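Everything on this sheet refers to the single structure shown next.
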Amino acid sequence: MDKSRIEKVVIQSKCLNKEMNSLVYLPCGYDEGESFPTLYFLHGRSGDENILTGIDMHIATDRLIEAKEIAPMIIVCPNIDNSRGVNSSPDYREVKDPFGRIINIGLYEDYLIKEVVPEIDKQFKTIQNRNGRYIGGVSAGGYTALHQAFRHPDMFSTVGGHMPAIELQLEEEDKAYFQNCGDWEKYDPIKIAREMECTDFNVYLDAGNQDEGGFYQGCSILNKILKEKGIESQNHIFEGHHSVEYIKSNIEKYLRFYGSHMCI
C-alpha cells in the first residue's frame, strides 16, 4: 500500500487576480481508494498553507489512521492570506492595519467556495457532497471556517473553530476588512448562528484558558446559541495560550472530532 504524501496545488485565482497555493495531504491507501472525505483546514493571521506541516498535522493524521482511530481522509490547507476569508473588496489589495501589519482584502469568500473547493474536487478523489466535506481552522482561520460553514450549509456538514477569532465587537485593528458594521455582522459567526435555519451541523469549539484574545468568551456564546437551536455542538476550554503550541498540543483531539463524523 502506498504511503501518505503531500502535494502542492497552484490556482491562478480569477477572484483575486493572483496565484494562490494549497497543500494537500493524501492518506496512505489513497491510490487504491475510490473517494475520501475531505477536511479544509485554515491558517491564522500570519500563516499560510504550510500550517499542514508547521503543526505536524500530517504526522498526527498518519498516526491516527494507522491506529485505526480515524478513517483515511484528504486534508486541504489553502493559503487565504491575512483575509479572514471574507469578500472585503471587489479588487485585491494590500492595506495596513493601525499596527502597520498587512491586511489582504479581496473576494476571499468567493475564492474559497468558487475556486478552491471545485479545483480540489476536480483534481482529487473527494466525496463531493456536504456529508463528506468538513472545514476547520485556527484563530482567524477558525473564524473563517465558522462563517464559511454557516453561510454555505450546502457545502459543509462539520466545522471546527479552534481558538477562533470571534470578536464580540469589531476591533479597530480589523475594521479594514469591512466597509461598515453591517458587513462585519454578515460574517459574524454569532450573528449568523442566531439567524440561520440549517441545524444539520456538527460543531467543535475550543480555546485556551489563557487565550490572550479571550476568544473562549465568543465560543461560549456561540455554543449556547447552537445548542438552543438543536445543533450538535461541543465547546472546550483547554490549558494554554493563543499560540501554535496550543494547537499542536490539541491537534489529535481535532482530528478525532472530524474523523468521528466522516462519511465513508
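Numbering starts fresh at 1 for the residues of each chain in the C-alpha cells, the chains themselves are lettered A, B, ... in the order given, and ligands are numbered from 1 as they appear.
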Pick out each residue of region 66-183 of chain A that DSSP on the backbone tags as helix (DSSP H, G or I); I need them as a PDB file with C-alpha atoms, in the first residue's frame.
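So out-v2.pdb came out as:
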```
ATOM      1  CA  GLU A  66      -2.536   3.716  11.295  1.00  0.00           C
ATOM      2  CA  TYR A 108     -11.677  35.681  -0.499  1.00  0.00           C
ATOM      3  CA  GLU A 109     -15.010  34.020   0.235  1.00  0.00           C
ATOM      4  CA  ASP A 110     -15.581  33.562  -3.493  1.00  0.00           C
ATOM      5  CA  TYR A 111     -12.028  32.275  -3.874  1.00  0.00           C
ATOM      6  CA  LEU A 112     -12.611  29.549  -1.268  1.00  0.00           C
ATOM      7  CA  ILE A 113     -16.094  28.497  -2.342  1.00  0.00           C
ATOM      8  CA  LYS A 114     -15.922  29.009  -6.105  1.00  0.00           C
ATOM      9  CA  GLU A 115     -12.299  28.171  -6.838  1.00  0.00           C
ATOM     10  CA  VAL A 116     -10.584  26.123  -4.123  1.00  0.00           C
ATOM     11  CA  VAL A 117     -13.317  23.570  -3.431  1.00  0.00           C
ATOM     12  CA  PRO A 118     -14.160  22.938  -7.125  1.00  0.00           C
ATOM     13  CA  GLU A 119     -10.479  22.599  -8.029  1.00  0.00           C
ATOM     14  CA  ILE A 120      -9.852  20.116  -5.217  1.00  0.00           C
ATOM     15  CA  ASP A 121     -12.926  18.124  -6.269  1.00  0.00           C
ATOM     16  CA  LYS A 122     -11.612  18.137  -9.840  1.00  0.00           C
ATOM     17  CA  GLN A 123      -8.063  17.019  -9.052  1.00  0.00           C
ATOM     18  CA  ARG A 130     -21.584  18.250   2.211  1.00  0.00           C
ATOM     19  CA  ASN A 131     -21.627  14.982   4.167  1.00  0.00           C
ATOM     20  CA  GLY A 132     -18.099  14.236   3.027  1.00  0.00           C
ATOM     21  CA  ALA A 140      -8.599  33.898  12.177  1.00  0.00           C
ATOM     22  CA  GLY A 141      -8.866  30.655  10.215  1.00  0.00           C
ATOM     23  CA  GLY A 142     -11.259  29.306  12.844  1.00  0.00           C
ATOM     24  CA  TYR A 143     -13.399  32.402  12.466  1.00  0.00           C
ATOM     25  CA  THR A 144     -13.303  31.888   8.699  1.00  0.00           C
ATOM     26  CA  ALA A 145     -14.242  28.215   8.960  1.00  0.00           C
ATOM     27  CA  LEU A 146     -17.271  29.030  11.105  1.00  0.00           C
ATOM     28  CA  HIS A 147     -18.706  31.746   8.883  1.00  0.00           C
ATOM     29  CA  GLN A 148     -17.975  29.764   5.723  1.00  0.00           C
ATOM     30  CA  ALA A 149     -19.809  26.702   7.059  1.00  0.00           C
ATOM     31  CA  PHE A 150     -22.765  28.691   8.403  1.00  0.00           C
ATOM     32  CA  ARG A 151     -23.077  30.801   5.238  1.00  0.00           C
ATOM     33  CA  GLU A 172     -10.258  48.832  15.494  1.00  0.00           C
ATOM     34  CA  GLU A 173      -7.438  46.748  14.028  1.00  0.00           C
ATOM     35  CA  ASP A 174      -9.906  44.695  11.972  1.00  0.00           C
ATOM     36  CA  LYS A 175     -12.038  47.467  10.513  1.00  0.00           C
ATOM     37  CA  ALA A 176     -10.082  47.395   7.232  1.00  0.00           C
ATOM     38  CA  TYR A 177     -11.773  44.070   6.398  1.00  0.00           C
ATOM     39  CA  CYS A 181     -20.775  47.340  10.693  1.00  0.00           C
ATOM     40  CA  GLY A 182     -23.354  45.607   8.518  1.00  0.00           C
ATOM     41  CA  ASP A 183     -20.589  43.888   6.554  1.00  0.00           C
TER      42      ASP A 183
END
```
- Task: Using only C-alpha atoms, determine which residues lie at most 8 Å from region 253-259 of chain A, disregarding the query and same-chain residues fewer than 4 positions distant; provide the list as number ranges by chain.
- Result: A: 39, 61, 69-71, 134, 158, 160, 204
With all heavy atoms retained, export the selected residues as a PDB file, in the first residue's frame.
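What landed in selection-v1.pdb:
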```pdb
ATOM      1  N   LEU A  39     -11.171  17.366   4.544  1.00  0.00           N
ATOM      2  CA  LEU A  39     -11.149  18.417   5.555  1.00  0.00           C
ATOM      3  C   LEU A  39     -10.376  19.607   5.010  1.00  0.00           C
ATOM      4  O   LEU A  39      -9.214  19.483   4.620  1.00  0.00           O
ATOM      5  CB  LEU A  39     -10.477  17.903   6.835  1.00  0.00           C
ATOM      6  CG  LEU A  39     -10.096  18.957   7.882  1.00  0.00           C
ATOM      7  CD1 LEU A  39     -11.327  19.683   8.424  1.00  0.00           C
ATOM      8  CD2 LEU A  39      -9.300  18.320   9.024  1.00  0.00           C
ATOM      9  N   THR A  61      -2.069  12.816  11.645  1.00  0.00           N
ATOM     10  CA  THR A  61      -3.087  12.114  10.858  1.00  0.00           C
ATOM     11  C   THR A  61      -2.615  10.717  10.492  1.00  0.00           C
ATOM     12  O   THR A  61      -3.368   9.737  10.605  1.00  0.00           O
ATOM     13  CB  THR A  61      -3.430  12.911   9.587  1.00  0.00           C
ATOM     14  OG1 THR A  61      -3.791  14.244   9.952  1.00  0.00           O
ATOM     15  CG2 THR A  61      -4.601  12.276   8.851  1.00  0.00           C
ATOM     16  N   GLU A  69      -7.889   4.880  14.545  1.00  0.00           N
ATOM     17  CA  GLU A  69      -8.713   5.761  15.381  1.00  0.00           C
ATOM     18  C   GLU A  69      -9.562   6.701  14.527  1.00  0.00           C
ATOM     19  O   GLU A  69     -10.582   7.202  14.985  1.00  0.00           O
ATOM     20  CB  GLU A  69      -7.832   6.555  16.345  1.00  0.00           C
ATOM     21  CG  GLU A  69      -7.142   5.700  17.396  1.00  0.00           C
ATOM     22  CD  GLU A  69      -6.449   6.538  18.444  1.00  0.00           C
ATOM     23  OE1 GLU A  69      -7.022   7.557  18.872  1.00  0.00           O
ATOM     24  OE2 GLU A  69      -5.326   6.171  18.846  1.00  0.00           O
ATOM     25  N   ILE A  70      -9.111   6.964  13.308  1.00  0.00           N
ATOM     26  CA  ILE A  70      -9.892   7.748  12.357  1.00  0.00           C
ATOM     27  C   ILE A  70      -9.778   7.083  10.988  1.00  0.00           C
ATOM     28  O   ILE A  70      -8.842   6.319  10.730  1.00  0.00           O
ATOM     29  CB  ILE A  70      -9.428   9.220  12.258  1.00  0.00           C
ATOM     30  CG1 ILE A  70      -7.985   9.310  11.736  1.00  0.00           C
ATOM     31  CG2 ILE A  70      -9.574   9.940  13.585  1.00  0.00           C
ATOM     32  CD1 ILE A  70      -7.532  10.734  11.445  1.00  0.00           C
ATOM     33  N   ALA A  71     -10.740   7.353  10.136  1.00  0.00           N
ATOM     34  CA  ALA A  71     -10.699   6.834   8.773  1.00  0.00           C
ATOM     35  C   ALA A  71      -9.767   7.694   7.922  1.00  0.00           C
ATOM     36  O   ALA A  71      -9.534   8.867   8.223  1.00  0.00           O
ATOM     37  CB  ALA A  71     -12.099   6.832   8.176  1.00  0.00           C
ATOM     38  N   TYR A 134     -15.675  18.808   5.226  1.00  0.00           N
ATOM     39  CA  TYR A 134     -15.593  19.456   6.531  1.00  0.00           C
ATOM     40  C   TYR A 134     -14.670  20.658   6.438  1.00  0.00           C
ATOM     41  O   TYR A 134     -13.804  20.724   5.563  1.00  0.00           O
ATOM     42  CB  TYR A 134     -15.078  18.476   7.590  1.00  0.00           C
ATOM     43  CG  TYR A 134     -15.630  17.078   7.413  1.00  0.00           C
ATOM     44  CD1 TYR A 134     -14.779  16.002   7.175  1.00  0.00           C
ATOM     45  CD2 TYR A 134     -17.002  16.850   7.425  1.00  0.00           C
ATOM     46  CE1 TYR A 134     -15.288  14.720   6.977  1.00  0.00           C
ATOM     47  CE2 TYR A 134     -17.517  15.581   7.231  1.00  0.00           C
ATOM     48  CZ  TYR A 134     -16.652  14.516   7.002  1.00  0.00           C
ATOM     49  OH  TYR A 134     -17.150  13.259   6.794  1.00  0.00           O
ATOM     50  N   THR A 158     -19.641  19.650   8.771  1.00  0.00           N
ATOM     51  CA  THR A 158     -18.905  19.591  10.028  1.00  0.00           C
ATOM     52  C   THR A 158     -17.915  20.744  10.059  1.00  0.00           C
ATOM     53  O   THR A 158     -17.249  21.014   9.060  1.00  0.00           O
ATOM     54  CB  THR A 158     -18.165  18.241  10.145  1.00  0.00           C
ATOM     55  OG1 THR A 158     -19.142  17.185  10.172  1.00  0.00           O
ATOM     56  CG2 THR A 158     -17.320  18.164  11.396  1.00  0.00           C
ATOM     57  N   GLY A 160     -15.053  23.114  12.649  1.00  0.00           N
ATOM     58  CA  GLY A 160     -14.320  23.308  13.889  1.00  0.00           C
ATOM     59  C   GLY A 160     -13.697  24.685  13.955  1.00  0.00           C
ATOM     60  O   GLY A 160     -13.050  25.130  13.001  1.00  0.00           O
ATOM     61  N   TYR A 204     -17.418  21.941  16.624  1.00  0.00           N
ATOM     62  CA  TYR A 204     -16.435  21.804  17.708  1.00  0.00           C
ATOM     63  C   TYR A 204     -15.797  23.168  17.928  1.00  0.00           C
ATOM     64  O   TYR A 204     -15.255  23.769  16.999  1.00  0.00           O
ATOM     65  CB  TYR A 204     -15.374  20.780  17.310  1.00  0.00           C
ATOM     66  CG  TYR A 204     -14.370  20.410  18.372  1.00  0.00           C
ATOM     67  CD1 TYR A 204     -14.400  19.150  18.971  1.00  0.00           C
ATOM     68  CD2 TYR A 204     -13.365  21.287  18.748  1.00  0.00           C
ATOM     69  CE1 TYR A 204     -13.460  18.778  19.928  1.00  0.00           C
ATOM     70  CE2 TYR A 204     -12.425  20.933  19.711  1.00  0.00           C
ATOM     71  CZ  TYR A 204     -12.470  19.676  20.292  1.00  0.00           C
ATOM     72  OH  TYR A 204     -11.542  19.316  21.242  1.00  0.00           O
TER      73      TYR A 204
END
```
- Message: Can you pull out the residues contacting Phe215 (chain A)? Cut-off 8 Å, using only C-alpha atoms, and skip same-chain residues under 6 positions away; I want them as a count of residues only.
- Response: 6
- Task: Enumerate the residues of region 90-208 of chain A with a DSSP assignment of strand (DSSP E or B), computed from the backbone, and present them as a VMD selection string.
- Result: chain A and resid 93 to 96 102 to 105 107 126 133 to 138 158 to 162 202 to 208
Since we have the selection now, will you write its residues out, keeping C-alpha atoms, as a PDB file, in the first residue's frame?
```pdb
ATOM      1  CA  ARG A  93      -5.392  44.978  -2.473  1.00  0.00           C
ATOM      2  CA  GLU A  94      -2.991  45.112   0.437  1.00  0.00           C
ATOM      3  CA  VAL A  95      -3.708  47.654   3.161  1.00  0.00           C
ATOM      4  CA  LYS A  96      -2.260  48.233   6.625  1.00  0.00           C
ATOM      5  CA  ILE A 102      -0.560  43.903   6.126  1.00  0.00           C
ATOM      6  CA  ILE A 103      -4.229  43.071   5.609  1.00  0.00           C
ATOM      7  CA  ASN A 104      -5.262  41.393   2.368  1.00  0.00           C
ATOM      8  CA  ILE A 105      -8.640  42.424   1.010  1.00  0.00           C
ATOM      9  CA  LEU A 107     -13.014  38.314  -2.876  1.00  0.00           C
ATOM     10  CA  THR A 126     -13.095  13.515  -2.888  1.00  0.00           C
ATOM     11  CA  ARG A 133     -16.777  17.792   3.292  1.00  0.00           C
ATOM     12  CA  TYR A 134     -15.593  19.456   6.531  1.00  0.00           C
ATOM     13  CA  ILE A 135     -13.957  22.754   7.381  1.00  0.00           C
ATOM     14  CA  GLY A 136     -11.941  23.933  10.361  1.00  0.00           C
ATOM     15  CA  GLY A 137      -9.266  26.383  11.260  1.00  0.00           C
ATOM     16  CA  VAL A 138      -7.227  28.150  13.890  1.00  0.00           C
ATOM     17  CA  THR A 158     -18.905  19.591  10.028  1.00  0.00           C
ATOM     18  CA  VAL A 159     -16.971  22.607  11.290  1.00  0.00           C
ATOM     19  CA  GLY A 160     -14.320  23.308  13.889  1.00  0.00           C
ATOM     20  CA  GLY A 161     -13.259  26.645  15.328  1.00  0.00           C
ATOM     21  CA  HIS A 162     -10.004  26.238  17.263  1.00  0.00           C
ATOM     22  CA  ASN A 202     -21.535  19.048  13.854  1.00  0.00           C
ATOM     23  CA  VAL A 203     -19.577  21.833  15.558  1.00  0.00           C
ATOM     24  CA  TYR A 204     -16.435  21.804  17.708  1.00  0.00           C
ATOM     25  CA  LEU A 205     -15.267  24.927  19.532  1.00  0.00           C
ATOM     26  CA  ASP A 206     -12.264  25.364  21.799  1.00  0.00           C
ATOM     27  CA  ALA A 207      -9.857  27.951  23.165  1.00  0.00           C
ATOM     28  CA  GLY A 208      -7.121  28.122  25.785  1.00  0.00           C
TER      29      GLY A 208
END
```
- For each of A:Asn209, A:Ser139, A:Gln169, A:Ser89, take the minimum atom-to-atom distance to Ser46 (chain A), counting only C-alpha atoms, then give the residue where this is smallest. A:Ser139
Name all residues at most 12 Å from Leu168 (chain A) (count only C-alpha atoms; drop same-chain ones fewer than 2 positions away) and give them as a PDB file with all heavy atoms, in the first residue's frame.
```
ATOM      1  N   PRO A 164     -10.933  30.261  17.821  1.00  0.00           N
ATOM      2  CA  PRO A 164     -11.402  31.105  16.718  1.00  0.00           C
ATOM      3  C   PRO A 164     -11.498  32.569  17.121  1.00  0.00           C
ATOM      4  O   PRO A 164     -11.943  32.895  18.226  1.00  0.00           O
ATOM      5  CB  PRO A 164     -12.787  30.520  16.406  1.00  0.00           C
ATOM      6  CG  PRO A 164     -13.258  29.968  17.708  1.00  0.00           C
ATOM      7  CD  PRO A 164     -12.030  29.424  18.370  1.00  0.00           C
ATOM      8  N   ALA A 165     -11.095  33.444  16.221  1.00  0.00           N
ATOM      9  CA  ALA A 165     -11.059  34.885  16.499  1.00  0.00           C
ATOM     10  C   ALA A 165     -12.465  35.492  16.380  1.00  0.00           C
ATOM     11  O   ALA A 165     -12.733  36.316  15.505  1.00  0.00           O
ATOM     12  CB  ALA A 165     -10.083  35.580  15.560  1.00  0.00           C
ATOM     13  N   ILE A 166     -13.356  35.064  17.275  1.00  0.00           N
ATOM     14  CA  ILE A 166     -14.724  35.598  17.313  1.00  0.00           C
ATOM     15  C   ILE A 166     -14.718  36.835  18.202  1.00  0.00           C
ATOM     16  O   ILE A 166     -14.496  36.754  19.409  1.00  0.00           O
ATOM     17  CB  ILE A 166     -15.712  34.561  17.882  1.00  0.00           C
ATOM     18  CG1 ILE A 166     -15.689  33.277  17.049  1.00  0.00           C
ATOM     19  CG2 ILE A 166     -17.109  35.141  17.932  1.00  0.00           C
ATOM     20  CD1 ILE A 166     -16.523  32.162  17.649  1.00  0.00           C
ATOM     21  N   LEU A 170     -16.510  44.707  16.881  1.00  0.00           N
ATOM     22  CA  LEU A 170     -15.478  44.852  15.863  1.00  0.00           C
ATOM     23  C   LEU A 170     -14.310  45.686  16.402  1.00  0.00           C
ATOM     24  O   LEU A 170     -14.480  46.839  16.787  1.00  0.00           O
ATOM     25  CB  LEU A 170     -16.053  45.516  14.607  1.00  0.00           C
ATOM     26  CG  LEU A 170     -15.078  45.750  13.453  1.00  0.00           C
ATOM     27  CD1 LEU A 170     -14.435  44.449  13.007  1.00  0.00           C
ATOM     28  CD2 LEU A 170     -15.792  46.424  12.287  1.00  0.00           C
ATOM     29  N   GLU A 171     -13.145  45.069  16.429  1.00  0.00           N
ATOM     30  CA  GLU A 171     -11.952  45.750  16.922  1.00  0.00           C
ATOM     31  C   GLU A 171     -11.413  46.726  15.879  1.00  0.00           C
ATOM     32  O   GLU A 171     -11.537  46.508  14.673  1.00  0.00           O
ATOM     33  CB  GLU A 171     -10.871  44.726  17.280  1.00  0.00           C
ATOM     34  CG  GLU A 171     -11.269  43.717  18.351  1.00  0.00           C
ATOM     35  CD  GLU A 171     -11.462  44.348  19.714  1.00  0.00           C
ATOM     36  OE1 GLU A 171     -10.896  45.440  19.957  1.00  0.00           O
ATOM     37  OE2 GLU A 171     -12.181  43.762  20.543  1.00  0.00           O
ATOM     38  N   TRP A 184     -19.550  43.554   8.730  1.00  0.00           N
ATOM     39  CA  TRP A 184     -18.968  42.735   9.799  1.00  0.00           C
ATOM     40  C   TRP A 184     -20.003  41.747  10.334  1.00  0.00           C
ATOM     41  O   TRP A 184     -19.708  40.567  10.515  1.00  0.00           O
ATOM     42  CB  TRP A 184     -18.464  43.628  10.929  1.00  0.00           C
ATOM     43  CG  TRP A 184     -18.013  42.843  12.128  1.00  0.00           C
ATOM     44  CD1 TRP A 184     -16.964  41.967  12.179  1.00  0.00           C
ATOM     45  CD2 TRP A 184     -18.609  42.834  13.425  1.00  0.00           C
ATOM     46  NE1 TRP A 184     -16.869  41.415  13.442  1.00  0.00           N
ATOM     47  CE2 TRP A 184     -17.862  41.940  14.228  1.00  0.00           C
ATOM     48  CE3 TRP A 184     -19.690  43.517  13.997  1.00  0.00           C
ATOM     49  CZ2 TRP A 184     -18.175  41.700  15.578  1.00  0.00           C
ATOM     50  CZ3 TRP A 184     -19.993  43.275  15.336  1.00  0.00           C
ATOM     51  CH2 TRP A 184     -19.243  42.386  16.104  1.00  0.00           C
ATOM     52  N   GLU A 185     -21.224  42.217  10.553  1.00  0.00           N
ATOM     53  CA  GLU A 185     -22.271  41.342  11.082  1.00  0.00           C
ATOM     54  C   GLU A 185     -22.614  40.216  10.106  1.00  0.00           C
ATOM     55  O   GLU A 185     -22.967  39.115  10.515  1.00  0.00           O
ATOM     56  CB  GLU A 185     -23.527  42.159  11.392  1.00  0.00           C
ATOM     57  CG  GLU A 185     -23.364  43.102  12.582  1.00  0.00           C
ATOM     58  CD  GLU A 185     -24.614  43.903  12.861  1.00  0.00           C
ATOM     59  OE1 GLU A 185     -25.522  43.922  11.993  1.00  0.00           O
ATOM     60  OE2 GLU A 185     -24.686  44.517  13.943  1.00  0.00           O
ATOM     61  N   ASP A 188     -20.179  37.603  11.021  1.00  0.00           N
ATOM     62  CA  ASP A 188     -20.029  37.279  12.440  1.00  0.00           C
ATOM     63  C   ASP A 188     -20.680  35.930  12.733  1.00  0.00           C
ATOM     64  O   ASP A 188     -21.898  35.789  12.598  1.00  0.00           O
ATOM     65  CB  ASP A 188     -20.676  38.377  13.279  1.00  0.00           C
ATOM     66  CG  ASP A 188     -20.663  38.064  14.764  1.00  0.00           C
ATOM     67  OD1 ASP A 188     -19.815  37.261  15.198  1.00  0.00           O
ATOM     68  OD2 ASP A 188     -21.506  38.607  15.495  1.00  0.00           O
ATOM     69  N   PRO A 189     -19.907  34.894  13.139  1.00  0.00           N
ATOM     70  CA  PRO A 189     -20.499  33.585  13.381  1.00  0.00           C
ATOM     71  C   PRO A 189     -21.649  33.601  14.384  1.00  0.00           C
ATOM     72  O   PRO A 189     -22.615  32.841  14.229  1.00  0.00           O
ATOM     73  CB  PRO A 189     -19.313  32.760  13.913  1.00  0.00           C
ATOM     74  CG  PRO A 189     -18.110  33.407  13.304  1.00  0.00           C
ATOM     75  CD  PRO A 189     -18.443  34.869  13.298  1.00  0.00           C
ATOM     76  N   ILE A 190     -21.564  34.457  15.382  1.00  0.00           N
ATOM     77  CA  ILE A 190     -22.631  34.534  16.389  1.00  0.00           C
ATOM     78  C   ILE A 190     -23.916  35.062  15.769  1.00  0.00           C
ATOM     79  O   ILE A 190     -25.000  34.510  15.964  1.00  0.00           O
ATOM     80  CB  ILE A 190     -22.183  35.407  17.582  1.00  0.00           C
ATOM     81  CG1 ILE A 190     -21.052  34.703  18.349  1.00  0.00           C
ATOM     82  CG2 ILE A 190     -23.360  35.707  18.508  1.00  0.00           C
ATOM     83  CD1 ILE A 190     -20.451  35.530  19.465  1.00  0.00           C
ATOM     84  N   LYS A 191     -23.807  36.133  14.999  1.00  0.00           N
ATOM     85  CA  LYS A 191     -24.977  36.725  14.343  1.00  0.00           C
ATOM     86  C   LYS A 191     -25.583  35.745  13.337  1.00  0.00           C
ATOM     87  O   LYS A 191     -26.805  35.582  13.265  1.00  0.00           O
ATOM     88  CB  LYS A 191     -24.578  38.013  13.637  1.00  0.00           C
ATOM     89  CG  LYS A 191     -25.671  38.603  12.767  1.00  0.00           C
ATOM     90  CD  LYS A 191     -26.232  39.825  13.371  1.00  0.00           C
ATOM     91  CE  LYS A 191     -27.212  40.508  12.441  1.00  0.00           C
ATOM     92  NZ  LYS A 191     -28.362  41.039  13.150  1.00  0.00           N
ATOM     93  N   GLY A 213      -6.681  36.683  23.458  1.00  0.00           N
ATOM     94  CA  GLY A 213      -7.807  37.384  22.853  1.00  0.00           C
ATOM     95  C   GLY A 213      -9.112  37.157  23.589  1.00  0.00           C
ATOM     96  O   GLY A 213     -10.136  37.751  23.227  1.00  0.00           O
ATOM     97  N   GLY A 214      -9.080  36.296  24.591  1.00  0.00           N
ATOM     98  CA  GLY A 214     -10.309  35.975  25.314  1.00  0.00           C
ATOM     99  C   GLY A 214     -11.350  35.304  24.433  1.00  0.00           C
ATOM    100  O   GLY A 214     -12.558  35.427  24.661  1.00  0.00           O
ATOM    101  N   PHE A 215     -10.897  34.565  23.431  1.00  0.00           N
ATOM    102  CA  PHE A 215     -11.834  34.012  22.445  1.00  0.00           C
ATOM    103  C   PHE A 215     -12.706  32.888  22.999  1.00  0.00           C
ATOM    104  O   PHE A 215     -13.673  32.475  22.353  1.00  0.00           O
ATOM    105  CB  PHE A 215     -11.085  33.556  21.197  1.00  0.00           C
ATOM    106  CG  PHE A 215     -10.449  34.698  20.438  1.00  0.00           C
ATOM    107  CD1 PHE A 215      -9.132  34.630  20.010  1.00  0.00           C
ATOM    108  CD2 PHE A 215     -11.178  35.850  20.164  1.00  0.00           C
ATOM    109  CE1 PHE A 215      -8.552  35.681  19.320  1.00  0.00           C
ATOM    110  CE2 PHE A 215     -10.604  36.917  19.467  1.00  0.00           C
ATOM    111  CZ  PHE A 215      -9.290  36.834  19.053  1.00  0.00           C
ATOM    112  N   TYR A 216     -12.385  32.408  24.198  1.00  0.00           N
ATOM    113  CA  TYR A 216     -13.273  31.443  24.858  1.00  0.00           C
ATOM    114  C   TYR A 216     -14.624  32.064  25.159  1.00  0.00           C
ATOM    115  O   TYR A 216     -15.629  31.357  25.282  1.00  0.00           O
ATOM    116  CB  TYR A 216     -12.629  30.892  26.132  1.00  0.00           C
ATOM    117  CG  TYR A 216     -11.986  31.944  27.012  1.00  0.00           C
ATOM    118  CD1 TYR A 216     -12.757  32.770  27.836  1.00  0.00           C
ATOM    119  CD2 TYR A 216     -10.604  32.131  26.992  1.00  0.00           C
ATOM    120  CE1 TYR A 216     -12.164  33.751  28.616  1.00  0.00           C
ATOM    121  CE2 TYR A 216     -10.007  33.106  27.771  1.00  0.00           C
ATOM    122  CZ  TYR A 216     -10.793  33.917  28.583  1.00  0.00           C
ATOM    123  OH  TYR A 216     -10.205  34.892  29.352  1.00  0.00           O
ATOM    124  N   GLN A 217     -14.677  33.388  25.272  1.00  0.00           N
ATOM    125  CA  GLN A 217     -15.955  34.062  25.533  1.00  0.00           C
ATOM    126  C   GLN A 217     -16.891  33.920  24.337  1.00  0.00           C
ATOM    127  O   GLN A 217     -18.062  33.553  24.481  1.00  0.00           O
ATOM    128  CB  GLN A 217     -15.708  35.541  25.837  1.00  0.00           C
ATOM    129  CG  GLN A 217     -14.868  35.794  27.073  1.00  0.00           C
ATOM    130  CD  GLN A 217     -14.560  37.266  27.264  1.00  0.00           C
ATOM    131  OE1 GLN A 217     -15.250  38.138  26.742  1.00  0.00           O
ATOM    132  NE2 GLN A 217     -13.514  37.563  28.010  1.00  0.00           N
ATOM    133  N   GLY A 218     -16.386  34.217  23.147  1.00  0.00           N
ATOM    134  CA  GLY A 218     -17.198  34.071  21.944  1.00  0.00           C
ATOM    135  C   GLY A 218     -17.604  32.631  21.706  1.00  0.00           C
ATOM    136  O   GLY A 218     -18.730  32.357  21.277  1.00  0.00           O
ATOM    137  N   CYS A 219     -16.690  31.697  22.012  1.00  0.00           N
ATOM    138  CA  CYS A 219     -17.011  30.276  21.860  1.00  0.00           C
ATOM    139  C   CYS A 219     -18.184  29.888  22.754  1.00  0.00           C
ATOM    140  O   CYS A 219     -19.082  29.146  22.334  1.00  0.00           O
ATOM    141  CB  CYS A 219     -15.795  29.422  22.201  1.00  0.00           C
ATOM    142  SG  CYS A 219     -14.490  29.437  20.963  1.00  0.00           S
ATOM    143  N   SER A 220     -18.167  30.367  23.980  1.00  0.00           N
ATOM    144  CA  SER A 220     -19.230  30.040  24.934  1.00  0.00           C
ATOM    145  C   SER A 220     -20.580  30.559  24.460  1.00  0.00           C
ATOM    146  O   SER A 220     -21.595  29.844  24.514  1.00  0.00           O
ATOM    147  CB  SER A 220     -18.894  30.616  26.309  1.00  0.00           C
ATOM    148  OG  SER A 220     -19.924  30.356  27.237  1.00  0.00           O
ATOM    149  N   ILE A 221     -20.611  31.793  23.988  1.00  0.00           N
ATOM    150  CA  ILE A 221     -21.858  32.391  23.496  1.00  0.00           C
ATOM    151  C   ILE A 221     -22.363  31.633  22.273  1.00  0.00           C
ATOM    152  O   ILE A 221     -23.549  31.293  22.173  1.00  0.00           O
ATOM    153  CB  ILE A 221     -21.643  33.881  23.168  1.00  0.00           C
ATOM    154  CG1 ILE A 221     -21.357  34.664  24.451  1.00  0.00           C
ATOM    155  CG2 ILE A 221     -22.860  34.454  22.435  1.00  0.00           C
ATOM    156  CD1 ILE A 221     -20.886  36.091  24.210  1.00  0.00           C
ATOM    157  N   LEU A 222     -21.451  31.361  21.342  1.00  0.00           N
ATOM    158  CA  LEU A 222     -21.840  30.662  20.116  1.00  0.00           C
ATOM    159  C   LEU A 222     -22.348  29.262  20.434  1.00  0.00           C
ATOM    160  O   LEU A 222     -23.370  28.820  19.884  1.00  0.00           O
ATOM    161  CB  LEU A 222     -20.656  30.600  19.158  1.00  0.00           C
ATOM    162  CG  LEU A 222     -20.883  29.849  17.837  1.00  0.00           C
ATOM    163  CD1 LEU A 222     -22.060  30.430  17.063  1.00  0.00           C
ATOM    164  CD2 LEU A 222     -19.608  29.884  16.987  1.00  0.00           C
TER     165      LEU A 222
END
```
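Note that CA of Leu16 (chain A) and CA of Ser83 (chain A) are 11.4 Å apart.
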